[in-house]
Amino acid sequence: MDIHEYQAKEVLSNFGVAIPQGALAYSPEQAAYRAREMGGERWVVKAQVHAGGRGKAGGVKVCESDVEIQECTEEMFGKKLVTHQTGPEGKGIYRVYVEAAVPIDREIYLGFVLDRSSQRIMIVASGEGGMEIEDISATRPETIVRATVEPAVGLQEFQCREIAFKLGIEAGLVQHLVRTLQGCYRAFTELDATMVEINPLVITGDNRILALDAKMTFDDNALFRHPQISELRDKSQEDPREARAADRGLSYVGLDGNIGCIVNGAGLAMATMDTIKLAGGEPANFLDIGGGATPERVAKAFRLVMSDKNVQAVLVNIFAGINRCDWVAEGVVQALREVQVDVPVIVRLAGTNVSEGQKILAQSGLPLIRATTLNEAAERAVGAWQSDLNQSTKVRAS
Ligand code: GDP
Ligand code: MN
């Protein structure tokens, strides 16, 4: 789960990371009011969306009066901000963060990520802050400093000092950077984050180290034990299909293709997507309905998949190990009676009680396309989608 910049800043500041003074606003009037309340002469108004690259896309504006703040936030509210990270549809701006502008001397990139190959938390830093890390690694890879943390002992002070020296931080500020790094590390581990990024971390004209931007991502599977974090969820920033799935306890990732997938088990779901691609199709989603696929769950899955207007065929692929094919078949039949599905449905069942399952599908009288192997199922799904496509173009042409 992602959170907003202002939320990440508040979380990190509770762990000792210094941030500029700032205030959140839900309307242009409130933005201007909060700037007046804060005082000062220059403010930075920042659109709160779950994406980076806001600066280049017009989502970060420096303002010098409350009138100017009111005007520029009127331009922002209710609009979609399109950055290189949002995709062409953009993300809605419903909140802005007003910050006291700070004089910047130096910008630093700082990231904490999970490095899968070393199975450690890795710190990535660079003196070339302000640029995206992808651009830094493409143009100035020699400036990137990396350190991995040994989980048994945690992040050590000497590692932090070493990072400070490699970044060329002046002696008087080293201890401050150490505190920043350790604060981020503690926030990362104690809150089950998967990513903490401060870009830029700045050294100000008056010699302070401040997080000018902050991004945090959390492990969804650990959210249940951090109620204060799960409360920060903002569904307006999520793919509506994925938000709906999460609310129903289904593990779903929306994709751009046309073949909807209803599968039990994450591994089988991945294999199903691969096989669809191999057969020349494009999956519309990843969906793992889990082990105990009750009829209700199968119906929920159908409803979810059918709510995606791009779906032109549905492939149900169930391997019943703990489950039973006859139960799943009953679920499919029940789901198709409840949910309006006006596209071809291909069902492949394998495992426990497969023949009973097939019998239930056959006797249902529903126009299901059955398949025995995964390859066959994928080919039939792609074939059904293509012939459906030809038919609809024929209809349109005539
Ligand atoms: P992003 O584009 O979504 O990553 O948004 P950032 O929060 O990183 O803001 C983009 C850029 O705006 C930063 O890299 C800074 O250069 C600039 N910026 C943000 N806040 C301030 C500020 O308080 N003072 C000044 N001078 N520049 C700022
Ligand atoms: Mn940034």
# chains A, B, ... in the order shown; residues from 1 in each chain; ligands from 1
>>> closest_atom_pairs(of="chain A", to="ligand 2", cutoff="9 Å", atoms="only C-alpha atoms and all ligand atoms", output="Markdown table")
| residue | atom | partner | partner_atom_place_in_ligand_line | distance |
| --- | --- | --- | --- | --- |
| A:Gly52 | CA | ligand 2 | 1 (Mn) | 6.0 |
| A:Gly53 | CA | ligand 2 | 1 (Mn) | 6.6 |
| A:Arg54 | CA | ligand 2 | 1 (Mn) | 7.6 |
| A:Gly55 | CA | ligand 2 | 1 (Mn) | 7.5 |
| A:Tyr109 | CA | ligand 2 | 1 (Mn) | 8.9 |
| A:Gly129 | CA | ligand 2 | 1 (Mn) | 8.6 |
| A:Gly130 | CA | ligand 2 | 1 (Mn) | 6.2 |
| A:Met131 | CA | ligand 2 | 1 (Mn) | 7.8 |
| A:Glu132 | CA | ligand 2 | 1 (Mn) | 7.6 |
| A:Glu197 | CA | ligand 2 | 1 (Mn) | 8.5 |
| A:Ile198 | CA | ligand 2 | 1 (Mn) | 7.0 |
| A:Asn199 | CA | ligand 2 | 1 (Mn) | 4.4 |
| A:Pro200 | CA | ligand 2 | 1 (Mn) | 5.6 |
| A:Leu201 | CA | ligand 2 | 1 (Mn) | 8.9 |
| A:Leu212 | CA | ligand 2 | 1 (Mn) | 7.6 |
| A:Asp213 | CA | ligand 2 | 1 (Mn) | 5.1 |
| A:Ala214 | CA | ligand 2 | 1 (Mn) | 7.0 |
| A:Lys215 | CA | ligand 2 | 1 (Mn) | 8.2 |
>>> residues_around(residues="Thr143 (chain A)", least_positions_apart="3", cutoff="10 Å", atoms="only C-alpha atoms", output="list in words")
Ala125, Ser126, Gly127, Glu128, Ile136, Ser137, Thr139, Arg140, Arg146, Lys166 and Leu167 of chain A
>>> residues_around(residues="Gly154 (chain A)", least_positions_apart="2", cutoff="10 Å", atoms="only C-alpha atoms", output="PDB file with all heavy atoms, in the first residue's frame")
ATOM      1  N   ILE A 121      17.696  -5.454   3.569  1.00  0.00           N
ATOM      2  CA  ILE A 121      17.294  -4.090   3.280  1.00  0.00           C
ATOM      3  C   ILE A 121      18.529  -3.382   2.737  1.00  0.00           C
ATOM      4  O   ILE A 121      19.623  -3.502   3.299  1.00  0.00           O
ATOM      5  CB  ILE A 121      16.770  -3.382   4.540  1.00  0.00           C
ATOM      6  CG1 ILE A 121      15.455  -4.039   4.974  1.00  0.00           C
ATOM      7  CG2 ILE A 121      16.569  -1.878   4.284  1.00  0.00           C
ATOM      8  CD1 ILE A 121      14.936  -3.550   6.309  1.00  0.00           C
ATOM      9  N   THR A 148      24.152  -2.607   2.485  1.00  0.00           N
ATOM     10  CA  THR A 148      23.102  -3.545   2.901  1.00  0.00           C
ATOM     11  C   THR A 148      23.169  -3.721   4.413  1.00  0.00           C
ATOM     12  O   THR A 148      24.218  -3.623   5.023  1.00  0.00           O
ATOM     13  CB  THR A 148      23.255  -4.930   2.228  1.00  0.00           C
ATOM     14  OG1 THR A 148      24.603  -5.341   2.346  1.00  0.00           O
ATOM     15  CG2 THR A 148      22.866  -4.881   0.777  1.00  0.00           C
ATOM     16  N   VAL A 149      22.000  -3.978   4.992  1.00  0.00           N
ATOM     17  CA  VAL A 149      21.909  -4.061   6.450  1.00  0.00           C
ATOM     18  C   VAL A 149      21.802  -5.524   6.867  1.00  0.00           C
ATOM     19  O   VAL A 149      20.949  -6.258   6.356  1.00  0.00           O
ATOM     20  CB  VAL A 149      20.675  -3.289   6.964  1.00  0.00           C
ATOM     21  CG1 VAL A 149      20.634  -3.310   8.488  1.00  0.00           C
ATOM     22  CG2 VAL A 149      20.686  -1.857   6.442  1.00  0.00           C
ATOM     23  N   GLU A 150      22.680  -5.924   7.776  1.00  0.00           N
ATOM     24  CA  GLU A 150      22.627  -7.275   8.329  1.00  0.00           C
ATOM     25  C   GLU A 150      21.467  -7.317   9.342  1.00  0.00           C
ATOM     26  O   GLU A 150      21.496  -6.596  10.338  1.00  0.00           O
ATOM     27  CB  GLU A 150      23.985  -7.553   9.003  1.00  0.00           C
ATOM     28  CG  GLU A 150      24.061  -8.779   9.872  1.00  0.00           C
ATOM     29  CD  GLU A 150      23.725 -10.057   9.137  1.00  0.00           C
ATOM     30  OE1 GLU A 150      24.248 -10.275   8.031  1.00  0.00           O
ATOM     31  OE2 GLU A 150      22.909 -10.831   9.679  1.00  0.00           O
ATOM     32  N   PRO A 151      20.426  -8.136   9.072  1.00  0.00           N
ATOM     33  CA  PRO A 151      19.232  -8.051   9.920  1.00  0.00           C
ATOM     34  C   PRO A 151      19.487  -8.398  11.392  1.00  0.00           C
ATOM     35  O   PRO A 151      18.821  -7.873  12.273  1.00  0.00           O
ATOM     36  CB  PRO A 151      18.253  -9.045   9.286  1.00  0.00           C
ATOM     37  CG  PRO A 151      19.066  -9.883   8.361  1.00  0.00           C
ATOM     38  CD  PRO A 151      20.262  -9.092   7.968  1.00  0.00           C
ATOM     39  N   ALA A 152      20.472  -9.253  11.660  1.00  0.00           N
ATOM     40  CA  ALA A 152      20.700  -9.665  13.049  1.00  0.00           C
ATOM     41  C   ALA A 152      21.179  -8.502  13.912  1.00  0.00           C
ATOM     42  O   ALA A 152      20.919  -8.468  15.109  1.00  0.00           O
ATOM     43  CB  ALA A 152      21.707 -10.813  13.103  1.00  0.00           C
ATOM     44  N   GLN A 156      24.067  -0.140  11.404  1.00  0.00           N
ATOM     45  CA  GLN A 156      25.109   0.305  12.338  1.00  0.00           C
ATOM     46  C   GLN A 156      25.515   1.749  12.064  1.00  0.00           C
ATOM     47  O   GLN A 156      25.489   2.194  10.916  1.00  0.00           O
ATOM     48  CB  GLN A 156      26.335  -0.600  12.193  1.00  0.00           C
ATOM     49  CG  GLN A 156      26.060  -2.058  12.535  1.00  0.00           C
ATOM     50  CD  GLN A 156      25.789  -2.254  14.022  1.00  0.00           C
ATOM     51  OE1 GLN A 156      26.640  -1.970  14.846  1.00  0.00           O
ATOM     52  NE2 GLN A 156      24.581  -2.693  14.355  1.00  0.00           N
ATOM     53  N   GLU A 157      25.947   2.433  13.121  1.00  0.00           N
ATOM     54  CA  GLU A 157      26.361   3.835  12.979  1.00  0.00           C
ATOM     55  C   GLU A 157      27.511   3.988  11.989  1.00  0.00           C
ATOM     56  O   GLU A 157      27.538   4.932  11.213  1.00  0.00           O
ATOM     57  CB  GLU A 157      26.798   4.398  14.335  1.00  0.00           C
ATOM     58  CG  GLU A 157      25.634   4.808  15.186  1.00  0.00           C
ATOM     59  CD  GLU A 157      25.886   6.119  15.942  1.00  0.00           C
ATOM     60  OE1 GLU A 157      26.845   6.849  15.608  1.00  0.00           O
ATOM     61  OE2 GLU A 157      25.113   6.383  16.868  1.00  0.00           O
ATOM     62  N   GLN A 182      19.049   6.349  10.405  1.00  0.00           N
ATOM     63  CA  GLN A 182      18.555   5.393  11.391  1.00  0.00           C
ATOM     64  C   GLN A 182      17.048   5.539  11.602  1.00  0.00           C
ATOM     65  O   GLN A 182      16.362   4.542  11.813  1.00  0.00           O
ATOM     66  CB  GLN A 182      19.347   5.527  12.684  1.00  0.00           C
ATOM     67  CG  GLN A 182      20.761   4.983  12.430  1.00  0.00           C
ATOM     68  CD  GLN A 182      21.544   4.731  13.685  1.00  0.00           C
ATOM     69  OE1 GLN A 182      21.510   5.558  14.587  1.00  0.00           O
ATOM     70  NE2 GLN A 182      22.265   3.628  13.731  1.00  0.00           N
ATOM     71  N   TYR A 185      15.437   3.722   8.743  1.00  0.00           N
ATOM     72  CA  TYR A 185      15.589   2.273   8.889  1.00  0.00           C
ATOM     73  C   TYR A 185      14.602   1.736   9.924  1.00  0.00           C
ATOM     74  O   TYR A 185      13.948   0.713   9.712  1.00  0.00           O
ATOM     75  CB  TYR A 185      17.033   1.916   9.273  1.00  0.00           C
ATOM     76  CG  TYR A 185      17.215   0.436   9.491  1.00  0.00           C
ATOM     77  CD1 TYR A 185      17.263  -0.446   8.419  1.00  0.00           C
ATOM     78  CD2 TYR A 185      17.282  -0.098  10.786  1.00  0.00           C
ATOM     79  CE1 TYR A 185      17.386  -1.812   8.614  1.00  0.00           C
ATOM     80  CE2 TYR A 185      17.404  -1.457  10.997  1.00  0.00           C
ATOM     81  CZ  TYR A 185      17.464  -2.315   9.903  1.00  0.00           C
ATOM     82  OH  TYR A 185      17.570  -3.666  10.104  1.00  0.00           O
ATOM     83  N   ARG A 186      14.490   2.448  11.053  1.00  0.00           N
ATOM     84  CA  ARG A 186      13.564   2.000  12.105  1.00  0.00           C
ATOM     85  C   ARG A 186      12.120   2.058  11.599  1.00  0.00           C
ATOM     86  O   ARG A 186      11.332   1.142  11.833  1.00  0.00           O
ATOM     87  CB  ARG A 186      13.723   2.845  13.362  1.00  0.00           C
ATOM     88  CG  ARG A 186      14.875   2.357  14.230  1.00  0.00           C
ATOM     89  CD  ARG A 186      14.926   3.126  15.560  1.00  0.00           C
ATOM     90  NE  ARG A 186      13.599   3.272  16.153  1.00  0.00           N
ATOM     91  CZ  ARG A 186      13.114   4.411  16.663  1.00  0.00           C
ATOM     92  NH1 ARG A 186      13.858   5.504  16.632  1.00  0.00           N
ATOM     93  NH2 ARG A 186      11.918   4.456  17.191  1.00  0.00           N
ATOM     94  N   THR A 189      11.573  -0.987   9.222  1.00  0.00           N
ATOM     95  CA  THR A 189      11.449  -2.321   9.833  1.00  0.00           C
ATOM     96  C   THR A 189      10.267  -2.384  10.799  1.00  0.00           C
ATOM     97  O   THR A 189       9.492  -3.334  10.763  1.00  0.00           O
ATOM     98  CB  THR A 189      12.742  -2.719  10.571  1.00  0.00           C
ATOM     99  OG1 THR A 189      13.103  -1.654  11.453  1.00  0.00           O
ATOM    100  CG2 THR A 189      13.872  -2.964   9.609  1.00  0.00           C
TER     101      THR A 189
END
>>> select_by_dssp(residues="region 113-236 of chain A", states="helix (DSSP H, G or I)", output="ChimeraX atom specification")
/A:133-139,141-143,157-167,171-190,220-225,227-230,235-236
>>> atom_distance(atom1="CA of Asp288 (chain A)", atom2="CA of Gly321 (chain A)")
14.8 Å
>>> closest_residue(among="A:Glu10, A:Glu296, A:Glu107, A:Glu89", to="ligand 1", atoms="only C-alpha atoms and all ligand atoms")
A:Glu107
